[in-house]
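Raw entry_35.txt, compact mmCIF, N, CA, C and O atoms:
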```
# COMPACT_ATOMS: atom_id res chain seq x y z
N MET A 1 -35.57 -5.30 27.97
CA MET A 1 -34.60 -5.46 26.92
C MET A 1 -33.88 -4.13 26.69
O MET A 1 -34.51 -3.10 26.60
N GLU A 2 -32.51 -4.19 26.56
CA GLU A 2 -31.71 -2.97 26.39
C GLU A 2 -31.60 -2.58 24.92
O GLU A 2 -31.57 -3.42 24.05
N SER A 3 -31.51 -1.30 24.68
CA SER A 3 -31.32 -0.80 23.34
C SER A 3 -29.81 -0.77 23.04
O SER A 3 -29.02 -0.30 23.85
N LEU A 4 -29.40 -1.30 21.90
CA LEU A 4 -27.99 -1.34 21.55
C LEU A 4 -27.49 -0.03 20.97
O LEU A 4 -26.31 0.25 20.97
N GLY A 5 -28.36 0.79 20.49
CA GLY A 5 -27.95 2.07 19.91
C GLY A 5 -27.25 1.88 18.57
O GLY A 5 -27.15 0.79 18.04
N MET A 6 -26.75 2.97 18.03
CA MET A 6 -26.08 2.95 16.73
C MET A 6 -24.57 2.80 16.92
O MET A 6 -23.99 3.38 17.83
N LEU A 7 -23.95 2.03 16.08
CA LEU A 7 -22.50 1.93 16.07
C LEU A 7 -21.93 3.12 15.33
O LEU A 7 -22.47 3.57 14.32
N HIS A 8 -20.83 3.63 15.85
CA HIS A 8 -20.16 4.75 15.17
C HIS A 8 -19.24 4.18 14.10
O HIS A 8 -18.33 3.41 14.39
N VAL A 9 -19.47 4.53 12.87
CA VAL A 9 -18.64 4.07 11.76
C VAL A 9 -17.90 5.28 11.22
O VAL A 9 -18.52 6.25 10.79
N PRO A 10 -16.53 5.25 11.28
CA PRO A 10 -15.79 6.40 10.78
C PRO A 10 -15.98 6.56 9.28
O PRO A 10 -16.23 5.59 8.57
N PRO A 11 -15.91 7.79 8.80
CA PRO A 11 -16.06 8.01 7.36
C PRO A 11 -14.95 7.28 6.60
O PRO A 11 -13.83 7.15 7.08
N SER A 12 -15.30 6.77 5.44
CA SER A 12 -14.30 6.04 4.66
C SER A 12 -13.23 7.00 4.15
O SER A 12 -13.51 8.15 3.85
N ARG A 13 -12.02 6.48 4.08
CA ARG A 13 -10.90 7.28 3.58
C ARG A 13 -10.59 6.84 2.16
O ARG A 13 -10.62 5.67 1.84
N LYS A 14 -10.28 7.81 1.35
CA LYS A 14 -9.88 7.47 -0.01
C LYS A 14 -8.47 6.91 0.05
O LYS A 14 -7.61 7.44 0.73
N ARG A 15 -8.25 5.83 -0.64
CA ARG A 15 -6.92 5.25 -0.71
C ARG A 15 -6.13 5.93 -1.81
O ARG A 15 -6.64 6.12 -2.90
N ARG A 16 -4.93 6.29 -1.48
CA ARG A 16 -4.05 6.87 -2.49
C ARG A 16 -3.35 5.74 -3.21
O ARG A 16 -2.92 4.77 -2.60
N SER A 17 -3.27 5.85 -4.50
CA SER A 17 -2.53 4.81 -5.22
C SER A 17 -1.05 5.16 -5.13
O SER A 17 -0.65 6.31 -5.24
N ILE A 18 -0.25 4.15 -4.87
CA ILE A 18 1.19 4.32 -4.75
C ILE A 18 1.84 3.73 -5.99
O ILE A 18 1.64 2.56 -6.31
N LEU A 19 2.59 4.56 -6.67
CA LEU A 19 3.28 4.09 -7.87
C LEU A 19 4.55 3.35 -7.45
O LEU A 19 5.33 3.86 -6.65
N PRO A 20 4.76 2.16 -7.96
CA PRO A 20 5.98 1.43 -7.61
C PRO A 20 7.20 2.08 -8.23
O PRO A 20 7.13 2.72 -9.27
N VAL A 21 8.34 1.90 -7.58
CA VAL A 21 9.60 2.41 -8.09
C VAL A 21 10.49 1.20 -8.35
O VAL A 21 10.63 0.33 -7.50
N ILE A 22 11.05 1.13 -9.53
CA ILE A 22 11.94 0.03 -9.90
C ILE A 22 13.35 0.57 -10.01
O ILE A 22 13.61 1.52 -10.75
N SER A 23 14.25 -0.03 -9.25
CA SER A 23 15.64 0.38 -9.26
C SER A 23 16.46 -0.62 -10.06
O SER A 23 16.33 -1.83 -9.88
N ARG A 24 17.30 -0.12 -10.93
CA ARG A 24 18.14 -0.99 -11.74
C ARG A 24 19.55 -1.12 -11.14
O ARG A 24 20.35 -1.92 -11.60
N SER A 25 19.85 -0.32 -10.12
CA SER A 25 21.14 -0.41 -9.46
C SER A 25 21.05 0.26 -8.09
O SER A 25 20.07 0.95 -7.80
N SER A 26 22.06 0.04 -7.27
CA SER A 26 22.11 0.72 -5.97
C SER A 26 23.55 1.07 -5.65
O SER A 26 24.48 0.45 -6.14
N VAL A 27 23.71 2.10 -4.84
CA VAL A 27 25.02 2.59 -4.45
C VAL A 27 24.96 2.92 -2.96
O VAL A 27 23.98 3.52 -2.50
N TRP A 28 25.98 2.51 -2.21
CA TRP A 28 26.06 2.89 -0.80
C TRP A 28 26.86 4.18 -0.71
O TRP A 28 27.89 4.34 -1.35
N VAL A 29 26.38 5.11 0.12
CA VAL A 29 27.13 6.33 0.39
C VAL A 29 27.92 6.08 1.65
O VAL A 29 27.35 5.72 2.68
N ARG A 30 29.23 6.21 1.58
CA ARG A 30 30.09 5.96 2.73
C ARG A 30 30.36 7.26 3.48
O ARG A 30 30.56 8.32 2.88
N ALA A 31 30.34 7.15 4.80
CA ALA A 31 30.59 8.31 5.65
C ALA A 31 31.94 8.14 6.32
O ALA A 31 32.43 7.03 6.49
N PRO A 32 32.58 9.24 6.72
CA PRO A 32 33.81 9.11 7.50
C PRO A 32 33.47 8.52 8.88
O PRO A 32 32.32 8.50 9.29
N SER A 33 34.48 8.01 9.58
CA SER A 33 34.25 7.41 10.89
C SER A 33 33.79 8.46 11.90
O SER A 33 34.21 9.61 11.85
N GLY A 34 32.92 8.05 12.80
CA GLY A 34 32.42 8.94 13.84
C GLY A 34 31.01 8.58 14.24
O GLY A 34 30.59 7.43 14.13
N ILE A 35 30.27 9.56 14.69
CA ILE A 35 28.88 9.39 15.11
C ILE A 35 28.00 10.12 14.10
O ILE A 35 28.18 11.32 13.87
N ILE A 36 27.04 9.39 13.52
CA ILE A 36 26.21 9.99 12.46
C ILE A 36 24.91 10.55 13.01
O ILE A 36 24.32 9.99 13.93
N ARG A 37 24.50 11.66 12.42
CA ARG A 37 23.19 12.25 12.69
C ARG A 37 22.47 12.33 11.35
O ARG A 37 22.67 13.26 10.57
N PRO A 38 21.65 11.29 11.04
CA PRO A 38 20.98 11.28 9.72
C PRO A 38 19.89 12.36 9.64
O PRO A 38 19.25 12.70 10.63
N LEU A 39 19.69 12.87 8.43
CA LEU A 39 18.64 13.85 8.18
C LEU A 39 17.49 13.27 7.37
O LEU A 39 16.44 13.88 7.28
N LYS A 40 17.70 12.10 6.77
CA LYS A 40 16.71 11.50 5.88
C LYS A 40 16.19 10.19 6.45
O LYS A 40 16.84 9.54 7.25
N LYS A 41 15.01 9.79 5.96
CA LYS A 41 14.37 8.54 6.36
C LYS A 41 14.37 7.58 5.17
O LYS A 41 14.55 7.99 4.03
N LEU A 42 14.09 6.32 5.46
CA LEU A 42 13.93 5.35 4.39
C LEU A 42 12.79 5.80 3.47
O LEU A 42 11.76 6.28 3.95
N GLY A 43 12.98 5.68 2.19
CA GLY A 43 11.96 6.07 1.23
C GLY A 43 12.05 7.51 0.77
O GLY A 43 11.38 7.89 -0.19
N ASP A 44 12.88 8.32 1.42
CA ASP A 44 13.03 9.72 1.00
C ASP A 44 13.75 9.78 -0.34
O ASP A 44 14.72 9.06 -0.59
N ARG A 45 13.29 10.66 -1.20
CA ARG A 45 13.97 10.92 -2.47
C ARG A 45 15.06 11.97 -2.22
O ARG A 45 14.85 12.90 -1.44
N VAL A 46 16.21 11.78 -2.87
CA VAL A 46 17.33 12.71 -2.69
C VAL A 46 17.88 13.11 -4.06
O VAL A 46 17.71 12.41 -5.05
N ARG A 47 18.52 14.26 -4.08
CA ARG A 47 19.14 14.79 -5.30
C ARG A 47 20.66 14.74 -5.16
O ARG A 47 21.18 14.80 -4.04
N GLU A 48 21.36 14.65 -6.27
CA GLU A 48 22.82 14.62 -6.26
C GLU A 48 23.37 15.82 -5.48
O GLU A 48 22.93 16.95 -5.68
N GLY A 49 24.29 15.55 -4.58
CA GLY A 49 24.92 16.61 -3.80
C GLY A 49 24.17 17.02 -2.54
O GLY A 49 24.66 17.82 -1.75
N GLU A 50 22.98 16.46 -2.33
CA GLU A 50 22.17 16.81 -1.16
C GLU A 50 22.80 16.25 0.11
O GLU A 50 23.32 15.14 0.12
N ILE A 51 22.75 17.00 1.19
CA ILE A 51 23.25 16.53 2.48
C ILE A 51 22.22 15.59 3.08
O ILE A 51 21.06 15.97 3.24
N ILE A 52 22.65 14.37 3.41
CA ILE A 52 21.72 13.38 3.98
C ILE A 52 22.02 13.11 5.46
O ILE A 52 21.29 12.37 6.11
N GLY A 53 23.07 13.72 5.97
CA GLY A 53 23.39 13.56 7.38
C GLY A 53 24.71 14.24 7.71
O GLY A 53 25.38 14.80 6.82
N PHE A 54 25.04 14.21 8.99
CA PHE A 54 26.30 14.78 9.46
C PHE A 54 27.01 13.76 10.33
O PHE A 54 26.37 13.01 11.07
N VAL A 55 28.34 13.74 10.24
CA VAL A 55 29.15 12.86 11.08
C VAL A 55 30.07 13.74 11.92
O VAL A 55 30.66 14.70 11.43
N VAL A 56 30.17 13.40 13.20
CA VAL A 56 31.09 14.11 14.09
C VAL A 56 32.06 13.09 14.68
O VAL A 56 31.66 11.98 15.05
N ASP A 57 33.32 13.45 14.70
CA ASP A 57 34.35 12.61 15.32
C ASP A 57 34.56 13.15 16.73
O ASP A 57 35.04 14.28 16.91
N PRO A 58 34.21 12.36 17.76
CA PRO A 58 34.31 12.87 19.13
C PRO A 58 35.75 13.14 19.58
O PRO A 58 35.97 13.81 20.57
N PHE A 59 36.74 12.64 18.82
CA PHE A 59 38.14 12.82 19.19
C PHE A 59 38.80 13.93 18.38
O PHE A 59 40.01 14.09 18.41
N SER A 60 38.01 14.67 17.62
CA SER A 60 38.54 15.73 16.77
C SER A 60 37.77 17.02 17.02
O SER A 60 36.64 17.00 17.50
N GLU A 61 38.38 18.12 16.66
CA GLU A 61 37.69 19.41 16.78
C GLU A 61 37.23 19.90 15.41
O GLU A 61 36.96 21.08 15.22
N ALA A 62 37.10 18.97 14.46
CA ALA A 62 36.74 19.33 13.09
C ALA A 62 35.28 19.76 12.96
O ALA A 62 34.89 20.32 11.95
N GLY A 63 34.46 19.49 13.95
CA GLY A 63 33.04 19.81 13.85
C GLY A 63 32.28 18.76 13.07
O GLY A 63 32.77 17.64 12.86
N GLU A 64 31.10 19.11 12.63
CA GLU A 64 30.27 18.15 11.87
C GLU A 64 30.70 18.12 10.41
O GLU A 64 30.89 19.16 9.80
N ILE A 65 30.81 16.91 9.87
CA ILE A 65 31.18 16.73 8.47
C ILE A 65 29.92 16.32 7.71
O ILE A 65 29.29 15.32 8.06
N PRO A 66 29.52 17.08 6.69
CA PRO A 66 28.31 16.70 5.94
C PRO A 66 28.55 15.46 5.09
O PRO A 66 29.64 15.26 4.55
N VAL A 67 27.52 14.62 4.99
CA VAL A 67 27.55 13.45 4.11
C VAL A 67 26.60 13.76 2.96
O VAL A 67 25.42 14.03 3.18
N ARG A 68 27.12 13.76 1.73
CA ARG A 68 26.34 14.15 0.56
C ARG A 68 26.10 12.95 -0.36
O ARG A 68 26.90 12.04 -0.42
N THR A 69 25.00 13.02 -1.09
CA THR A 69 24.70 11.97 -2.06
C THR A 69 25.55 12.17 -3.31
O THR A 69 25.95 13.29 -3.63
N GLU A 70 25.81 11.06 -3.98
CA GLU A 70 26.59 11.12 -5.22
C GLU A 70 25.70 11.13 -6.45
O GLU A 70 26.13 11.49 -7.53
N LYS A 71 24.44 10.70 -6.28
CA LYS A 71 23.49 10.63 -7.39
C LYS A 71 22.09 10.94 -6.89
O LYS A 71 21.82 10.89 -5.70
N ASP A 72 21.17 11.22 -7.83
CA ASP A 72 19.75 11.29 -7.49
C ASP A 72 19.28 9.89 -7.12
O ASP A 72 19.78 8.90 -7.66
N GLY A 73 18.31 9.78 -6.23
CA GLY A 73 17.81 8.45 -5.91
C GLY A 73 16.82 8.44 -4.77
O GLY A 73 16.24 9.46 -4.41
N ILE A 74 16.65 7.25 -4.20
CA ILE A 74 15.74 7.02 -3.09
C ILE A 74 16.51 6.25 -2.02
O ILE A 74 17.24 5.30 -2.34
N ILE A 75 16.34 6.62 -0.78
CA ILE A 75 17.03 5.91 0.30
C ILE A 75 16.32 4.59 0.53
O ILE A 75 15.14 4.55 0.88
N ILE A 76 17.07 3.48 0.32
CA ILE A 76 16.47 2.15 0.47
C ILE A 76 17.08 1.37 1.62
O ILE A 76 16.66 0.26 1.91
N GLY A 77 18.08 1.91 2.27
CA GLY A 77 18.69 1.24 3.41
C GLY A 77 19.53 2.22 4.19
O GLY A 77 19.99 3.23 3.66
N LYS A 78 19.68 1.97 5.49
CA LYS A 78 20.55 2.82 6.28
C LYS A 78 20.98 2.07 7.53
O LYS A 78 20.30 1.14 7.98
N ASN A 79 22.09 2.48 8.08
CA ASN A 79 22.62 1.92 9.31
C ASN A 79 21.87 2.58 10.47
O ASN A 79 21.84 3.80 10.56
N ASN A 80 21.30 1.80 11.36
CA ASN A 80 20.56 2.36 12.49
C ASN A 80 21.42 2.57 13.72
O ASN A 80 20.95 3.11 14.72
N LEU A 81 22.69 2.15 13.66
CA LEU A 81 23.61 2.40 14.78
C LEU A 81 24.25 3.76 14.58
O LEU A 81 24.64 4.12 13.47
N PRO A 82 24.38 4.54 15.63
CA PRO A 82 24.94 5.89 15.45
C PRO A 82 26.42 5.92 15.17
O PRO A 82 26.93 6.88 14.64
N LEU A 83 27.16 4.83 15.50
CA LEU A 83 28.59 4.79 15.25
C LEU A 83 28.85 4.26 13.85
O LEU A 83 28.30 3.23 13.46
N VAL A 84 29.65 4.96 13.08
CA VAL A 84 29.95 4.53 11.72
C VAL A 84 31.46 4.46 11.53
O VAL A 84 32.22 5.17 12.18
N ASN A 85 31.89 3.57 10.66
CA ASN A 85 33.30 3.43 10.29
C ASN A 85 33.43 3.68 8.81
O ASN A 85 32.59 3.25 8.03
N GLU A 86 34.50 4.36 8.43
CA GLU A 86 34.72 4.70 7.03
C GLU A 86 34.80 3.44 6.17
O GLU A 86 35.36 2.45 6.55
```
Once you've parsed the file, please lay out its structure as structure tokens.
Amino acid sequence: MESLGMLHVPPSRKRRSILPVISRSSVWVRAPSGIIRPLKKLGDRVREGEIIGFVVDPFSEAGEIPVRTEKDGIIIGKNNLPLVNE
């Protein structure tokens, strides 16, 4: 008869409690047309005036245009396509 040995049980992890966030309104931040390079992820908290990404127009020599928030908040949605239209 074979010995089964001991099973390895990983140490338990403490669960962090997550406080829910309730939003009473939402606002979309519009970017100029071009290709966007986002700096933030879904769920990130942002402050008014913070840069959340850059847009570059491949047909212009204007360089990268920063996209700034208009209010404090939390990112709850974003376009996953790199091409954006104003």
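Distances to Thr69 of chain A were evaluated for A:Val29, A:Val56, A:Ser23, A:Leu81 using only N, CA, C and O atoms, and the minimum falls at A:Val29.
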Problem set entry | Shell of 9 Å around segment 49-51 of chain A, only C-alpha atoms, local chain residues under 4 positions omitted, as number ranges by chain | A: 39-40, 66-72
Would you output that residue set with N, CA, C and O atoms, as a PDB file, in the frame of the given file?
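Contents of part_16.pdb, freshly written:
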```
ATOM      1  N   LEU A  39      19.690  12.870   8.430  1.00  0.00           N
ATOM      2  CA  LEU A  39      18.640  13.850   8.180  1.00  0.00           C
ATOM      3  C   LEU A  39      17.490  13.270   7.370  1.00  0.00           C
ATOM      4  O   LEU A  39      16.440  13.880   7.280  1.00  0.00           O
ATOM      5  N   LYS A  40      17.700  12.100   6.770  1.00  0.00           N
ATOM      6  CA  LYS A  40      16.710  11.500   5.880  1.00  0.00           C
ATOM      7  C   LYS A  40      16.190  10.190   6.450  1.00  0.00           C
ATOM      8  O   LYS A  40      16.840   9.540   7.250  1.00  0.00           O
ATOM      9  N   PRO A  66      29.520  17.080   6.690  1.00  0.00           N
ATOM     10  CA  PRO A  66      28.310  16.700   5.940  1.00  0.00           C
ATOM     11  C   PRO A  66      28.550  15.460   5.090  1.00  0.00           C
ATOM     12  O   PRO A  66      29.640  15.260   4.550  1.00  0.00           O
ATOM     13  N   VAL A  67      27.520  14.620   4.990  1.00  0.00           N
ATOM     14  CA  VAL A  67      27.550  13.450   4.110  1.00  0.00           C
ATOM     15  C   VAL A  67      26.600  13.760   2.960  1.00  0.00           C
ATOM     16  O   VAL A  67      25.420  14.030   3.180  1.00  0.00           O
ATOM     17  N   ARG A  68      27.120  13.760   1.730  1.00  0.00           N
ATOM     18  CA  ARG A  68      26.340  14.150   0.560  1.00  0.00           C
ATOM     19  C   ARG A  68      26.100  12.950  -0.360  1.00  0.00           C
ATOM     20  O   ARG A  68      26.900  12.040  -0.420  1.00  0.00           O
ATOM     21  N   THR A  69      25.000  13.020  -1.090  1.00  0.00           N
ATOM     22  CA  THR A  69      24.700  11.970  -2.060  1.00  0.00           C
ATOM     23  C   THR A  69      25.550  12.170  -3.310  1.00  0.00           C
ATOM     24  O   THR A  69      25.950  13.290  -3.630  1.00  0.00           O
ATOM     25  N   GLU A  70      25.810  11.060  -3.980  1.00  0.00           N
ATOM     26  CA  GLU A  70      26.590  11.120  -5.220  1.00  0.00           C
ATOM     27  C   GLU A  70      25.700  11.130  -6.450  1.00  0.00           C
ATOM     28  O   GLU A  70      26.130  11.490  -7.530  1.00  0.00           O
ATOM     29  N   LYS A  71      24.440  10.700  -6.280  1.00  0.00           N
ATOM     30  CA  LYS A  71      23.490  10.630  -7.390  1.00  0.00           C
ATOM     31  C   LYS A  71      22.090  10.940  -6.890  1.00  0.00           C
ATOM     32  O   LYS A  71      21.820  10.890  -5.700  1.00  0.00           O
ATOM     33  N   ASP A  72      21.170  11.220  -7.830  1.00  0.00           N
ATOM     34  CA  ASP A  72      19.750  11.290  -7.490  1.00  0.00           C
ATOM     35  C   ASP A  72      19.280   9.890  -7.120  1.00  0.00           C
ATOM     36  O   ASP A  72      19.780   8.900  -7.660  1.00  0.00           O
TER      37      ASP A  72
END
```
For this session: Report the distance between atom N of Ser60 of chain A and atom O of Ser33 of chain A in Å, rounded to one decimal place.
Result: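 Computing the Euclidean distance for atom N of Ser60 of chain A and atom O of Ser33 of chain A yields 8.6 Å.
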Exercise. Neighbours of Asp44 of chain A within 7 Å (all atoms listed in the file; same-chain residues fewer than 6 positions away dropped), as a list in words?
Worked result: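 So the residues in contact are Gly73, Ile74, Ile75 and Ile76 of chain A.
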Just the selected residues (N, CA, C and O atoms), exported as a short mmCIF file (atom, residue, chain, number, x, y, z; two decimals), in the coordinates of the input, please.
```cif
data_model
loop_
_atom_site.label_atom_id
_atom_site.label_comp_id
_atom_site.auth_asym_id
_atom_site.auth_seq_id
_atom_site.Cartn_x
_atom_site.Cartn_y
_atom_site.Cartn_z
N GLY A 73 18.31 9.78 -6.23
CA GLY A 73 17.81 8.45 -5.91
C GLY A 73 16.82 8.44 -4.77
O GLY A 73 16.24 9.46 -4.41
N ILE A 74 16.65 7.25 -4.20
CA ILE A 74 15.74 7.02 -3.09
C ILE A 74 16.51 6.25 -2.02
O ILE A 74 17.24 5.30 -2.34
N ILE A 75 16.34 6.62 -0.78
CA ILE A 75 17.03 5.91 0.30
C ILE A 75 16.32 4.59 0.53
O ILE A 75 15.14 4.55 0.88
N ILE A 76 17.07 3.48 0.32
CA ILE A 76 16.47 2.15 0.47
C ILE A 76 17.08 1.37 1.62
O ILE A 76 16.66 0.26 1.91
#
```
Taking 3 positions as the minimum chain separation for residues in the same chain, which residues sit within 8 Å of Ile65 of chain A when counting only N, CA, C and O atoms? Answer as a short mmCIF file (atom, residue, chain, number, x, y, z; two decimals) with N, CA, C and O atoms, keeping the file's coordinate frame.
```
data_model
loop_
_atom_site.label_atom_id
_atom_site.label_comp_id
_atom_site.auth_asym_id
_atom_site.auth_seq_id
_atom_site.Cartn_x
_atom_site.Cartn_y
_atom_site.Cartn_z
N ALA A 31 30.34 7.15 4.80
CA ALA A 31 30.59 8.31 5.65
C ALA A 31 31.94 8.14 6.32
O ALA A 31 32.43 7.03 6.49
N PRO A 32 32.58 9.24 6.72
CA PRO A 32 33.81 9.11 7.50
C PRO A 32 33.47 8.52 8.88
O PRO A 32 32.32 8.50 9.29
N ILE A 35 30.27 9.56 14.69
CA ILE A 35 28.88 9.39 15.11
C ILE A 35 28.00 10.12 14.10
O ILE A 35 28.18 11.32 13.87
N ILE A 36 27.04 9.39 13.52
CA ILE A 36 26.21 9.99 12.46
C ILE A 36 24.91 10.55 13.01
O ILE A 36 24.32 9.99 13.93
N ARG A 37 24.50 11.66 12.42
CA ARG A 37 23.19 12.25 12.69
C ARG A 37 22.47 12.33 11.35
O ARG A 37 22.67 13.26 10.57
N GLY A 53 23.07 13.72 5.97
CA GLY A 53 23.39 13.56 7.38
C GLY A 53 24.71 14.24 7.71
O GLY A 53 25.38 14.80 6.82
N PHE A 54 25.04 14.21 8.99
CA PHE A 54 26.30 14.78 9.46
C PHE A 54 27.01 13.76 10.33
O PHE A 54 26.37 13.01 11.07
N VAL A 55 28.34 13.74 10.24
CA VAL A 55 29.15 12.86 11.08
C VAL A 55 30.07 13.74 11.92
O VAL A 55 30.66 14.70 11.43
N VAL A 56 30.17 13.40 13.20
CA VAL A 56 31.09 14.11 14.09
C VAL A 56 32.06 13.09 14.68
O VAL A 56 31.66 11.98 15.05
N ASP A 57 33.32 13.45 14.70
CA ASP A 57 34.35 12.61 15.32
C ASP A 57 34.56 13.15 16.73
O ASP A 57 35.04 14.28 16.91
N ALA A 62 37.10 18.97 14.46
CA ALA A 62 36.74 19.33 13.09
C ALA A 62 35.28 19.76 12.96
O ALA A 62 34.89 20.32 11.95
N ARG A 68 27.12 13.76 1.73
CA ARG A 68 26.34 14.15 0.56
C ARG A 68 26.10 12.95 -0.36
O ARG A 68 26.90 12.04 -0.42
#
```
Can you report as JSON the centre and edge lengths in Å, to one decimal, of an axis-aligned box around the listed atoms of segment 22-33 of chain A padded with 3 Å on each side?
```
{"center_x": 22.8, "center_y": 3.8, "center_z": 0.1, "size_x": 29.4, "size_y": 17.5, "size_z": 29.6}
```
Seminar exercise, completed: From atom O of Lys41 of chain A to atom N of Lys78 of chain A the spacing works out at 8.0 Å
For this session: For atom CA of Phe59 of chain A and atom CA of Leu42 of chain A, determine how far apart the two atoms are, in Å to one decimal place.
Result: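 Pair atom CA of Phe59 of chain A / atom CA of Leu42 of chain A returns 29.3 Å.
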